[in-house]
Each structure stands twice: as C-alpha cells, then as structure tokens.
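Enquirer: Okay, so here is my_file.cif, and as you'll see once you scroll down, it has mmCIF, C-alpha atoms.
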data_work
#
loop_
_atom_site.label_atom_id
_atom_site.label_comp_id
_atom_site.auth_asym_id
_atom_site.auth_seq_id
_atom_site.Cartn_x
_atom_site.Cartn_y
_atom_site.Cartn_z
CA MET A 102 211.16 290.65 -215.56
CA THR A 103 213.28 291.33 -212.52
CA LYS A 104 212.65 289.00 -209.59
CA TYR A 105 212.42 290.21 -206.02
CA LEU A 106 211.61 289.12 -202.50
CA LEU A 107 207.91 289.47 -201.82
CA ILE A 108 207.71 291.91 -198.88
CA PHE A 109 205.34 294.78 -199.53
CA ALA A 110 202.50 296.99 -198.22
CA LEU A 111 199.08 297.70 -199.74
CA ASN A 112 196.18 300.17 -199.29
CA LEU A 113 192.62 298.87 -198.77
CA LEU A 114 190.30 298.18 -195.87
CA LEU A 115 190.41 294.64 -194.52
CA LEU A 116 187.21 292.77 -195.27
CA SER A 117 185.50 290.23 -193.06
CA SER A 118 186.09 286.52 -193.41
CA THR A 119 182.58 286.18 -194.84
CA PHE A 120 183.48 288.59 -197.61
CA ALA A 121 186.72 286.72 -198.27
CA GLN A 122 184.73 283.57 -198.96
CA SER A 123 183.79 285.11 -202.30
CA TYR A 124 187.30 284.57 -203.65
CA ALA A 125 188.81 281.49 -205.28
CA ILE A 126 191.98 280.80 -207.27
CA GLN A 127 193.06 277.59 -209.02
CA ARG A 128 195.59 276.39 -211.54
CA GLY A 129 194.43 276.21 -215.16
CA HIS A 130 194.90 273.68 -217.94
CA PHE A 131 198.36 274.64 -219.15
CA ASN A 132 201.74 275.47 -217.66
CA ASP A 133 201.09 279.22 -217.74
CA ASP A 134 197.40 279.78 -216.92
CA LEU A 135 195.11 280.03 -213.90
CA TYR A 136 191.54 281.00 -213.01
CA ILE A 137 190.37 283.53 -210.43
CA TYR A 138 186.86 284.18 -209.13
CA CYS A 139 186.29 287.35 -207.10
CA ARG A 140 184.29 290.51 -206.58
CA LYS A 141 184.86 293.20 -209.17
CA ASN A 142 185.33 295.82 -206.44
CA ALA A 143 185.46 296.16 -202.68
CA THR A 144 181.77 296.74 -201.98
CA SER A 145 179.73 293.92 -200.52
CA ASN A 146 177.09 294.34 -203.24
CA SER A 147 179.55 294.08 -206.12
CA ILE A 148 179.10 291.80 -209.10
CA MET A 149 181.22 288.66 -209.16
CA GLN A 150 183.50 287.89 -212.10
CA PHE A 151 185.33 284.81 -213.31
CA TYR A 152 188.72 285.56 -214.90
CA HIS A 153 191.06 283.48 -217.02
CA LEU A 154 194.75 284.49 -216.81
CA TRP A 155 197.62 283.24 -218.92
CA GLU A 156 201.29 283.95 -219.56
CA HIS A 157 201.74 283.36 -215.80
CA GLY A 158 199.23 286.07 -214.90
CA GLN A 159 200.37 288.73 -217.35
CA ARG A 160 197.25 288.51 -219.55
CA ILE A 161 193.66 288.41 -218.33
CA SER A 162 190.12 288.19 -219.68
CA VAL A 163 186.64 288.08 -218.14
CA GLN A 164 184.89 284.79 -218.84
CA TYR A 165 181.66 285.00 -216.81
CA THR A 166 179.84 287.61 -214.71
CA ILE A 167 177.34 286.99 -211.91
CA PRO A 168 175.22 290.10 -211.17
CA TYR A 169 174.31 291.37 -207.73
CA PRO A 170 172.08 290.10 -206.29
CA ALA A 171 172.76 286.71 -207.81
CA ALA A 172 169.93 284.44 -208.84
CA ASP A 173 169.47 281.49 -206.50
CA ASN A 174 170.23 279.03 -209.29
CA ASP A 175 173.30 280.83 -210.68
CA LEU A 176 176.73 279.24 -210.75
CA ASN A 177 178.74 278.79 -207.57
CA LEU A 178 182.06 279.70 -209.16
CA LYS A 179 183.69 279.89 -205.74
CA ASN A 180 183.47 276.11 -206.06
CA PHE A 181 185.06 275.49 -209.46
CA VAL A 182 187.73 273.17 -210.78
CA ALA A 183 189.79 273.25 -213.98
CA ASP A 184 190.22 269.87 -215.62
CA PRO A 185 193.50 268.90 -217.36
CA THR A 186 191.52 268.87 -220.62
CA PRO A 187 191.97 272.35 -222.17
CA GLY A 188 188.88 274.53 -221.77
CA MET A 189 186.96 272.14 -219.49
CA LEU A 190 185.76 273.33 -216.07
CA PHE A 191 183.17 272.20 -213.54
CA CYS A 192 181.31 273.96 -210.73
CA THR A 193 178.23 273.63 -208.54
CA SER A 194 175.09 275.73 -208.06
CA LEU A 195 174.49 278.56 -205.60
CA SER A 196 171.25 276.86 -204.64
CA ASN A 197 171.39 274.28 -201.88
CA ALA A 198 168.34 272.67 -203.47
CA ASP A 199 170.24 272.06 -206.72
CA THR A 200 172.76 269.25 -206.34
CA SER A 201 173.69 269.15 -210.01
CA ILE A 202 177.03 269.91 -211.63
CA TYR A 203 177.67 272.55 -214.29
CA LYS A 204 180.26 272.05 -217.04
CA SER A 205 182.06 274.42 -219.39
CA THR A 206 184.07 273.40 -222.44
CA ASP A 207 185.05 276.91 -223.56
CA TYR A 208 187.19 278.15 -220.64
CA GLY A 209 184.24 279.26 -218.50
CA LYS A 210 182.33 281.46 -220.94
CA ASN A 211 179.29 279.17 -221.26
CA TRP A 212 178.04 276.53 -218.82
CA GLN A 213 175.94 273.42 -219.33
CA HIS A 214 173.67 272.00 -216.62
CA MET A 215 174.47 268.33 -216.03
CA THR A 216 171.82 265.99 -214.66
CA THR A 217 174.06 264.26 -212.12
CA LEU A 218 172.48 264.31 -208.65
CA PHE A 219 174.07 263.67 -205.27
CA ASN A 220 172.40 261.88 -202.38
CA GLY A 221 173.01 264.64 -199.87
CA LEU A 222 171.64 267.72 -198.19
CA THR A 223 173.50 270.18 -200.39
CA PRO A 224 175.72 270.32 -203.47
CA PRO A 225 179.32 269.12 -202.99
CA ILE A 226 181.25 271.35 -200.60
CA ALA A 227 184.32 271.23 -202.83
CA LEU A 228 185.31 269.93 -206.25
CA LEU A 229 188.93 268.85 -206.68
CA GLY A 230 190.45 268.23 -210.07
CA GLY A 231 192.00 264.78 -210.33
CA SER A 232 195.35 263.91 -211.81
CA VAL A 233 193.97 261.90 -214.75
CA THR A 234 191.30 262.56 -217.36
CA GLY A 235 187.76 262.17 -216.04
CA GLU A 236 188.76 262.13 -212.38
CA ILE A 237 187.22 264.57 -209.89
CA ILE A 238 187.18 264.25 -206.09
CA THR A 239 184.29 265.72 -204.11
CA THR A 240 183.73 266.56 -200.46
CA GLU A 241 180.06 266.33 -199.53
CA ARG A 242 177.44 266.62 -196.78
CA PRO A 243 175.25 263.50 -196.99
CA SER A 244 173.43 264.24 -193.71
CA ALA A 245 173.33 266.68 -190.81
CA LEU A 246 175.71 264.48 -188.82
CA TYR A 247 178.22 263.38 -191.44
CA PHE A 248 180.58 264.54 -194.16
CA SER A 249 181.85 262.32 -196.95
CA ILE A 250 184.48 262.11 -199.67
CA GLY A 251 183.43 260.90 -203.09
CA SER A 252 184.94 260.60 -206.54
CA THR A 253 184.21 260.06 -210.19
CA ASN A 254 186.50 258.82 -212.96
CA ASP A 255 184.11 259.53 -215.83
CA TYR A 256 183.10 263.17 -215.33
CA PHE A 257 180.08 262.33 -213.13
CA ALA A 258 178.54 259.71 -215.39
CA THR A 259 178.99 257.60 -212.25
CA HIS A 260 179.82 258.66 -208.72
CA THR A 261 181.14 256.78 -205.69
CA THR A 262 181.03 257.76 -202.01
CA ASN A 263 184.31 256.47 -200.61
CA ALA A 264 184.21 257.32 -196.91
CA GLN A 265 182.08 259.06 -194.29
CA TYR A 266 183.31 261.15 -191.35
CA THR A 267 181.93 263.16 -188.46
CA SER A 268 184.25 266.09 -189.24
CA TYR A 269 185.04 267.89 -192.47
CA PHE A 270 188.20 267.27 -194.49
CA THR A 271 189.14 270.96 -194.32
CA LYS A 272 190.79 273.08 -197.01
CA PRO A 273 191.23 270.09 -199.35
CA GLU A 274 193.75 269.87 -202.18
CA VAL A 275 194.66 267.06 -204.56
CA GLY A 276 198.10 265.57 -204.96
CA ILE A 277 199.97 264.59 -208.10
CA ASN A 278 199.00 260.89 -208.12
CA SER A 279 195.52 259.50 -208.71
CA GLY A 280 193.48 259.43 -205.50
CA GLU A 281 195.79 261.66 -203.46
CA MET A 282 194.32 264.49 -201.41
CA PHE A 283 195.54 266.73 -198.60
CA GLY A 284 193.81 268.78 -195.93
CA ILE A 285 194.48 270.72 -192.74
CA ASN A 286 193.19 270.12 -189.24
CA ASN A 287 193.55 273.14 -186.94
CA ALA A 288 193.38 271.42 -183.54
CA TYR A 289 192.80 274.44 -181.33
CA THR A 290 192.20 272.41 -178.15
CA ASN A 291 195.80 271.17 -178.02
CA ASN A 292 197.42 274.10 -179.90
CA ARG A 293 198.66 271.86 -182.71
CA ASP A 294 198.00 271.75 -186.43
CA PHE A 295 197.97 268.60 -188.51
CA LEU A 296 198.31 267.79 -192.19
CA LEU A 297 195.79 265.22 -193.41
CA PHE A 298 196.77 262.97 -196.31
CA SER A 299 194.85 260.30 -198.18
CA PRO A 300 196.34 258.18 -200.99
CA ASP A 301 193.03 256.50 -201.89
CA PHE A 302 190.24 259.06 -202.38
CA GLY A 303 189.66 259.46 -198.65
CA VAL A 304 189.19 255.80 -197.75
CA THR A 305 192.16 256.02 -195.38
CA ILE A 306 193.63 259.20 -193.92
CA ASP A 307 197.05 259.71 -192.37
CA THR A 308 197.35 262.51 -189.80
CA ILE A 309 200.80 264.11 -189.86
CA ALA A 310 201.66 266.50 -187.02
CA ILE A 311 203.16 269.74 -188.35
CA ASP A 312 206.37 270.71 -186.56
CA SER A 313 205.49 273.24 -183.84
CA ALA A 314 208.41 275.38 -185.01
CA ILE A 315 206.34 276.01 -188.14
CA VAL A 316 202.85 276.41 -186.71
CA PHE A 317 202.06 276.79 -183.04
CA ASN A 318 198.79 278.46 -182.07
CA PRO A 319 199.83 280.28 -178.87
CA ASN A 320 202.24 282.34 -181.01
CA GLY A 321 199.39 283.36 -183.25
CA ASN A 322 200.39 281.05 -186.09
CA LEU A 323 197.95 278.91 -188.06
CA ALA A 324 198.24 276.49 -190.93
CA GLN A 325 196.21 278.45 -193.47
CA LYS A 326 196.31 276.45 -196.70
CA VAL A 327 198.02 273.56 -198.47
CA CYS A 328 198.78 273.71 -202.22
CA HIS A 329 199.88 270.95 -204.55
CA GLY A 330 203.26 270.75 -206.24
CA THR A 331 204.09 269.01 -209.51
CA LEU A 332 206.12 266.08 -208.15
CA PRO A 333 204.97 263.15 -205.96
CA GLY A 334 204.96 264.25 -202.31
CA GLU A 335 205.52 267.93 -203.13
CA ILE A 336 203.31 270.47 -201.38
CA PHE A 337 203.33 274.12 -200.32
CA LEU A 338 202.12 274.96 -196.82
CA ILE A 339 200.92 278.51 -196.13
CA THR A 340 200.82 279.70 -192.53
CA LEU A 341 199.14 282.80 -191.14
CA GLU A 342 201.70 284.43 -188.86
CA ALA A 343 201.35 286.71 -185.86
CA GLU A 344 200.79 290.39 -186.67
CA GLN A 345 203.91 292.51 -187.14
CA ILE A 346 204.18 296.28 -186.70
CA GLY A 347 202.45 297.84 -189.70
CA PHE A 348 201.63 294.42 -191.18
CA PRO A 349 198.58 292.72 -189.66
CA HIS A 350 198.50 290.12 -192.46
CA VAL A 351 201.68 288.07 -192.59
CA TYR A 352 202.10 284.71 -194.31
CA LYS A 353 204.96 282.26 -194.67
CA ILE A 354 205.43 279.93 -197.62
CA TYR A 355 206.86 276.51 -196.78
CA HIS A 356 207.88 273.82 -199.25
CA SER A 357 207.89 270.04 -198.67
CA THR A 358 209.01 267.21 -200.94
CA ASP A 359 208.15 264.33 -198.56
CA TYR A 360 204.37 264.64 -198.09
CA GLY A 361 204.67 267.21 -195.34
CA PHE A 362 207.00 265.44 -192.90
CA THR A 363 209.70 268.10 -193.31
CA TYR A 364 209.61 271.66 -194.67
CA SER A 365 211.90 274.42 -195.87
CA VAL A 366 210.79 278.03 -195.63
CA LYS A 367 210.71 279.84 -198.97
CA ASN A 368 209.42 283.33 -198.27
CA GLU A 369 207.46 285.62 -195.99
CA VAL A 370 204.76 287.85 -197.48
CA LYS A 371 203.42 290.90 -195.67
CA PHE A 372 200.32 293.03 -196.24
CA ASP A 373 199.13 296.06 -194.32
CA GLU A 374 195.55 296.75 -193.22
CA SER A 375 194.63 297.73 -196.78
CA SER A 376 194.76 294.12 -197.97
CA THR A 377 191.40 292.88 -199.26
CA PHE A 378 192.15 289.20 -199.53
CA THR A 379 195.13 287.01 -200.38
CA ASP A 380 195.15 283.52 -201.88
CA PHE A 381 197.76 281.04 -203.10
CA THR A 382 198.06 278.18 -205.57
CA GLY A 383 200.67 276.03 -207.23
CA GLY A 384 200.89 275.83 -211.01
CA ARG A 385 201.23 272.93 -213.44
CA GLU A 386 204.90 273.45 -214.25
CA ASN A 387 207.83 272.59 -212.02
CA CYS A 388 208.19 274.99 -209.06
CA ALA A 389 205.45 277.34 -210.28
CA PHE A 390 203.69 279.18 -207.45
CA TYR A 391 201.24 282.11 -207.38
CA VAL A 392 200.20 284.68 -204.77
CA VAL A 393 197.11 286.72 -205.68
CA ASN A 394 196.16 289.85 -203.72
CA TRP A 395 193.46 292.50 -204.10
CA LYS A 396 194.05 296.14 -203.23
CA PHE A 397 192.54 299.55 -203.82
CA SER A 398 194.77 302.04 -205.65
CA GLN A 399 194.46 305.43 -203.97
CA GLN A 400 196.16 307.02 -206.98
CA LEU A 401 193.69 305.62 -209.51
CA GLN A 402 190.74 305.10 -207.17
CA ARG A 403 190.42 301.65 -208.74
CA GLN A 404 190.33 298.03 -207.58
CA ILE A 405 193.56 296.26 -208.56
CA MET A 406 194.26 292.54 -208.76
CA GLN A 407 197.92 291.75 -208.10
CA VAL A 408 199.31 288.47 -209.44
CA TYR A 409 202.73 287.43 -208.13
CA TYR A 410 204.29 284.59 -210.13
CA SER A 411 207.23 282.51 -208.92
CA ALA A 412 209.21 280.00 -210.98
CA ASP A 413 211.41 278.95 -208.04
CA CYS A 414 208.89 277.57 -205.51
CA GLY A 415 208.13 280.93 -203.91
CA GLN A 416 211.60 282.35 -203.31
CA THR A 417 211.24 285.26 -205.76
CA PHE A 418 208.29 286.72 -207.64
CA THR A 419 207.36 288.74 -210.72
CA LEU A 420 204.38 291.10 -210.30
CA TYR A 421 201.55 291.72 -212.77
CA GLU A 422 198.69 294.10 -211.92
CA HIS A 423 195.20 294.26 -213.44
CA ASP A 424 192.62 297.02 -213.08
CA LEU A 425 189.38 295.16 -212.31
CA ASP A 426 187.28 298.28 -212.85
CA ALA A 427 188.34 298.22 -216.50
CA PHE A 428 186.12 295.17 -217.00
CA VAL A 429 182.59 296.40 -217.49
CA SER A 430 181.02 293.29 -219.04
CA THR A 431 181.79 289.74 -220.03
CA LYS A 432 183.41 290.92 -223.25
CA ASP A 433 186.80 289.32 -223.82
CA ILE A 434 188.78 292.44 -222.87
CA ARG A 435 192.47 291.63 -222.47
CA ASN A 436 193.99 293.91 -219.89
CA ASP A 437 197.58 293.98 -221.13
CA PHE A 438 196.69 297.16 -223.09
CA SER A 439 198.23 295.88 -226.34
CA ASP A 440 194.82 294.98 -227.82
CA HIS A 441 192.55 296.95 -225.50
CA LEU A 442 190.68 298.99 -228.11
CA ILE A 443 187.00 298.07 -228.22
CA ILE A 444 185.74 298.48 -231.80
CA TYR A 445 182.14 298.24 -233.04
CA PRO A 446 180.50 297.44 -235.35
CA ASN A 447 183.11 295.01 -236.60
CA PRO A 448 182.98 294.20 -239.53
CA THR A 449 181.81 297.57 -240.86
CA SER A 450 181.12 299.20 -244.23
CA GLU A 451 181.09 302.83 -243.16
CA PHE A 452 181.59 303.98 -239.54
CA ILE A 453 183.16 302.45 -236.44
CA THR A 454 183.19 303.62 -232.85
CA ILE A 455 186.41 303.26 -230.87
CA GLU A 456 186.20 303.02 -227.07
CA ILE A 457 189.33 304.71 -225.71
CA PRO A 458 190.80 303.23 -222.47
CA GLU A 459 190.85 305.59 -219.49
CA TYR A 460 194.23 304.22 -218.37
CA TRP A 461 197.26 302.74 -220.03
CA ALA A 462 199.99 300.54 -218.61
CA THR A 463 203.72 301.19 -218.48
CA THR A 464 206.55 299.06 -217.15
CA SER A 465 208.66 300.76 -214.51
CA LYS A 466 211.51 299.71 -212.26
CA VAL A 467 212.03 300.90 -208.70
CA GLY A 468 215.09 299.34 -207.14
CA TYR A 469 214.81 295.61 -207.78
CA VAL A 470 211.07 295.73 -208.46
CA THR A 471 209.80 295.62 -212.05
CA GLN A 472 206.04 296.00 -212.38
CA GLN A 473 203.18 297.30 -214.49
CA GLN A 474 201.74 300.65 -213.44
CA TYR A 475 198.67 302.47 -214.70
CA LYS A 476 198.56 306.08 -215.87
CA PRO A 477 195.49 308.15 -216.82
CA LEU A 478 195.26 308.59 -220.59
CA THR A 479 194.86 312.32 -221.19
CA GLY A 480 195.78 314.84 -223.86
CA GLU A 481 196.03 314.60 -227.62
CA VAL A 482 196.21 311.15 -229.26
CA GLN A 483 196.50 309.93 -232.84
CA LEU A 484 194.54 307.03 -234.33
CA SER A 485 196.23 305.38 -237.33
CA VAL A 486 194.58 302.93 -239.74
CA ILE A 487 197.14 300.55 -241.29
CA ASN A 488 196.62 298.07 -244.15
CA ILE A 489 198.09 294.55 -244.38
CA SER A 490 201.15 295.96 -246.22
CA GLY A 491 201.99 298.20 -243.25
CA GLU A 492 200.94 301.42 -244.96
CA VAL A 493 199.07 304.10 -242.97
CA VAL A 494 195.93 304.81 -245.02
CA LYS A 495 194.17 307.15 -242.59
CA THR A 496 194.99 309.14 -239.42
CA GLU A 497 192.88 311.21 -237.06
CA VAL A 498 194.01 313.34 -234.13
CA PHE A 499 191.65 314.02 -231.21
CA ASP A 500 191.61 314.45 -227.43
CA ALA A 501 191.73 311.27 -225.30
CA SER A 502 188.87 312.60 -223.16
CA GLU A 503 186.63 311.73 -226.12
CA ARG A 504 186.17 308.18 -224.83
CA ASN A 505 183.96 307.10 -227.74
CA HIS A 506 185.48 308.30 -231.00
CA VAL A 507 183.68 307.76 -234.32
CA ILE A 508 185.76 307.35 -237.48
CA ARG A 509 184.54 307.00 -241.10
CA LEU A 510 186.11 304.13 -243.07
CA SER A 511 183.86 304.08 -246.15
CA ALA A 512 186.54 305.76 -248.29
CA ILE A 513 189.09 302.94 -247.91
CA SER A 514 189.13 299.60 -249.73
CA PRO A 515 187.55 296.48 -248.19
CA GLY A 516 189.92 294.32 -246.18
CA MET A 517 191.50 293.82 -242.75
CA TYR A 518 193.13 296.83 -241.08
CA SER A 519 195.10 297.41 -237.89
CA LEU A 520 194.30 300.35 -235.63
CA GLN A 521 196.93 301.99 -233.44
CA LEU A 522 196.31 304.60 -230.76
CA ILE A 523 199.53 306.64 -230.44
CA GLN A 524 200.65 309.33 -228.03
CA ARG A 525 204.06 311.03 -228.23
CA GLY A 526 205.31 308.27 -230.53
CA GLU A 527 204.27 305.41 -228.20
CA ILE A 528 201.57 302.87 -229.06
CA ILE A 529 199.03 303.06 -226.24
CA ALA A 530 196.51 300.50 -227.54
CA GLN A 531 195.66 298.72 -230.75
CA GLY A 532 193.09 296.51 -232.42
CA LYS A 533 191.82 295.21 -235.78
CA VAL A 534 188.79 295.98 -237.93
CA MET A 535 187.35 294.33 -241.04
CA VAL A 536 186.03 296.76 -243.67
CA ALA A 537 183.36 295.08 -245.77
CA ASN A 538 181.84 296.04 -249.13
#
Written as structure tokens, how would this file's structure read?
Expert:
Amino acid sequence: MTKYLLIFALNLLLLSSTFAQSYAIQRGHFNDDLYIYCRKNATSNSIMQFYHLWEHGQRISVQYTIPYPAADNDLNLKNFVADPTPGMLFCTSLSNADTSIYKSTDYGKNWQHMTTLFNGLTPPIALLGGSVTGEIITTERPSALYFSIGSTNDYFATHTTNAQYTSYFTKPEVGINSGEMFGINNAYTNNRDFLLFSPDFGVTIDTIAIDSAIVFNPNGNLAQKVCHGTLPGEIFLITLEAEQIGFPHVYKIYHSTDYGFTYSVKNEVKFDESSTFTDFTGGRENCAFYVVNWKFSQQLQRQIMQVYYSADCGQTFTLYEHDLDAFVSTKDIRNDFSDHLIIYPNPTSEFITIEIPEYWATTSKVGYVTQQQYKPLTGEVQLSVINISGEVVKTEVFDASERNHVIRLSAISPGMYSLQLIQRGEIIAQGKVMVAN
C-alpha cells in the first residue's frame, strides 16, 4: 500500500457530543488487530455493533449487535477492554444498578456474566487493560462526592481500591509497565492543560504541564486524548485544534518518548463538517497508530468506516474502508469481499442459496493515495463451482440484481467445493460449500 500524509475531507453531518459517546476503539490482542464499537449508521436510533478488525484494519467482522432500543441490562461495549490473552475481553453493563463485569473468551461473540460486585454507585466508569496477564485497572464512582481508581491482578477474583479523589481521572489510558496510567486535565480556569501520570495504579499522581506551544485554550486548542505506545514512557497526545477554513475538525498527533515532558509533532488530520466522529489508538507493535473515522458516502448512500493505519508513529497512513451497512446481523461477514458470499444451507445435499453482495471493492490509486473503493455490482455475473482438484464442475450465468440466487448441487459428487462469482474475468466474491450425501 502507498503511504500518504493524512489530510483529507469527508461528507457527513456532524453529530453531537452525546452521540459521539457511543463510539469506542481499542487495541486488540495481537500486533495487527483492534476492536471498534459504534453505531451501524448515522441515525440516533441505530443499532450498535461491536467489530473485530485484523491485518491492521484491512479485514473486519461483526462480533456482537445491540438492538435499538437496548435492554437496560445489555452490555456496555463502549466500556470494553481487550486483554493480552487472545480472545479475552471484558466490559460492564448498561444498567447503573448492575455493577458486575462481563467476560468474553471468543473475541466478543459471546459474553459471560461474572459475579464480581463493586462497592459503588454505578459500574466502573472505565476498564483499562493492564500490561500483564490478569491485570485490569478501573476508574469508579464509590459515592456522590468521590471518584476512585482500583485494580485487579486476577481478573476480578479480587479487587482493590487504591486511591480516592474529588475529581475524575479523565480520559484514562494505561502505560507499558504494570501499574502505569495516564490521563488529561483540561484546566479551563487558567487556560492550561496537564498530563496526569501514575506509576502505581493511581496511588500517586504526577501532574505534568503540557507546553503551551502544543495546547493553549485561548487559541482554541485542547488536549483531546492520550494513547499508549509500546515502549516505556512512549505516548501519543491528540489535540483538537482551532477550526480552519473548510475544516472545522482538525487534530494534531504528537509523540513523546519521555512520559510527556517533550513532544514531536507527527501529523495534522483534517475533517470537514461531514465527519461523524474520529477516534485514535496505539497498537501493540512498535510505532503502530490508528485513526478511525466515520463518514457517509454520497455516492453509495452508505455509512463507511475509515481505518487509517500507520507503522511510523503517525507520520504516514494506509487507508482501509468498510461499508457498515453491509453488516445486517451478527454473522461473521468479512468485508474484504474475498469471502463475502453468504451460502445456506451449508452443508447441503441438494440446493443452496447464494446471497450476492450489492457492492464489490476495488483498489484504486489517485496521486499518492491508494485505497479501497466500492462499486455497485450490476450486470451479468457467472457463478463457478470448483472441486478440490481445481476443476470447474458447474457454472451458471445470471444477473447480479438477483440478490438471492438458488443453485442445484444434487448432481455433483459429495465433497468440499469452492464457489467463485466472476464478472468480466475478475473474481468478485467467493466462498465454500460442503455437499453431503
């Protein structure tokens, strides 16, 4: 993929800050994966979906769907954390009366209610994945007057409240060493922003003034978010900049290797008024950094998730786009369009139905930008059935507008077969089917 500086414009109405609260992005278990929780589309009554992405955002699947309106006791996947153990995640409940924790061991597809209870008014405000197995840091609300920071080193079998404060440890993020956590304090009264750092699960907190050349409120700048790096003392600082002509949403990406005492600027990202929401996270591999943005494609009339992946600490990015409206259920539909055919029943002994995608993805290059783009799938297509020896044993030609195409397979021998949807010599989508006796 060609890399490029991340300066671009988008097309969607800006949503309120309350709406933006429905979005969350975090690193995954491996060097190349991450999780994203967001609305499926731009309406305030949209379902919420939990996505797992891998290959640095190139591949995507739906893991869990929360309907609208959500049940009071459904999962609060805005408040999730991915553990270093592959497949293990934790989250809280949507209900303030339920202070339990929910756990998944299959990458977020199924969740188990844990009996751990917290002595507080509400569930933990935030869960933060620790740097070692079993470790999770929590920010909590033990009473109407106080906030607290707690931790567990055994996946909530036991839980310790480490410190209590009269103000919230805002926008928290863990560091690379056990017990490290960061936060931001936007001190509006004196027009200064501060980085908060604790090396010991919140027992002690250092307040580090951020250089006013980086963030200074009278100029419209704010420290927006802090993200972890992969080395001790390494963080990314995201600032919300003053509006520029044509770009009301402008962010800068800063990089620090000394716990936030000094910074180097890596990039400036710009979005026009069509931006839905933008979020950032660091990855698990050296210098990995992600920017995720949601937009509405006027061409397709579809909601698009844009994933920008950087391998050089935010200096250059590779773009992957995913059509969120293609996900209609919690089926494991992988939106790279190489295995996008939905086939049922599977296995079969006679007939199968093939669901034909409405859009297919191509890779195009405009200047220095290489990205995936979606095109409507129209016209005549060919479906080929191929055996394990690579021989085509059956073909059918039909119009792509027939979104559910039925094909008889009873005349071919039992076994595993590949299906390829082809148009003008190009494979549009493919899948596999087992033909039984």
Enquirer: Using all atoms listed in the file, which residue out of A:Met535, A:Pro349, A:Val393, A:Leu178 lies closest to Asn488 (chain A)?
Expert: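 Nearest to Asn488 (chain A): A:Met535.
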Enquirer: If you measure from CA of Arg160 (chain A) to CA of Ala183 (chain A), what distance in Å do you get, rounded to one decimal?
Expert: 17.9 Å
Enquirer: Starting from the displayed file, determine the output of the PyMOL selection byres ((chain A and resi 511-519) around 6) and express the residue list as a PyMOL selection string.
Expert: chain A and resi 450-451+486-488+509-510+520+532-538
Enquirer: If the PyMOL selection byres ((chain A and resi 326-331) around 9) is run on the structure shown, which residues does it catch, given as a ChimeraX atom specification?
Expert: /A:272-277,283-285,296,324-325,332-341,356-358,380-390,414
Enquirer: Skip Ser299 (chain A) itself and residues of its chain fewer than 5 positions away, then list as a list of chain:residue names all residues within 6 Å of it, counting only C-alpha atoms.
Expert: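 Near neighbours after the sequence-gap exclusion: A:Glu281, A:Met282, A:Thr305, A:Ile306.
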Enquirer: Name the residues that the PyMOL selection byres ((chain A and resi 369) around 8) pulls out of this structure, and write them as a ChimeraX atom specification.
Expert: /A:107-108,351-354,367-368,370-371
Enquirer: For Lys204 (chain A), which residue out of A:Phe257, A:Glu342, A:Pro168, A:Thr419 is the nearest one, using only C-alpha atoms?
Expert: A:Phe257
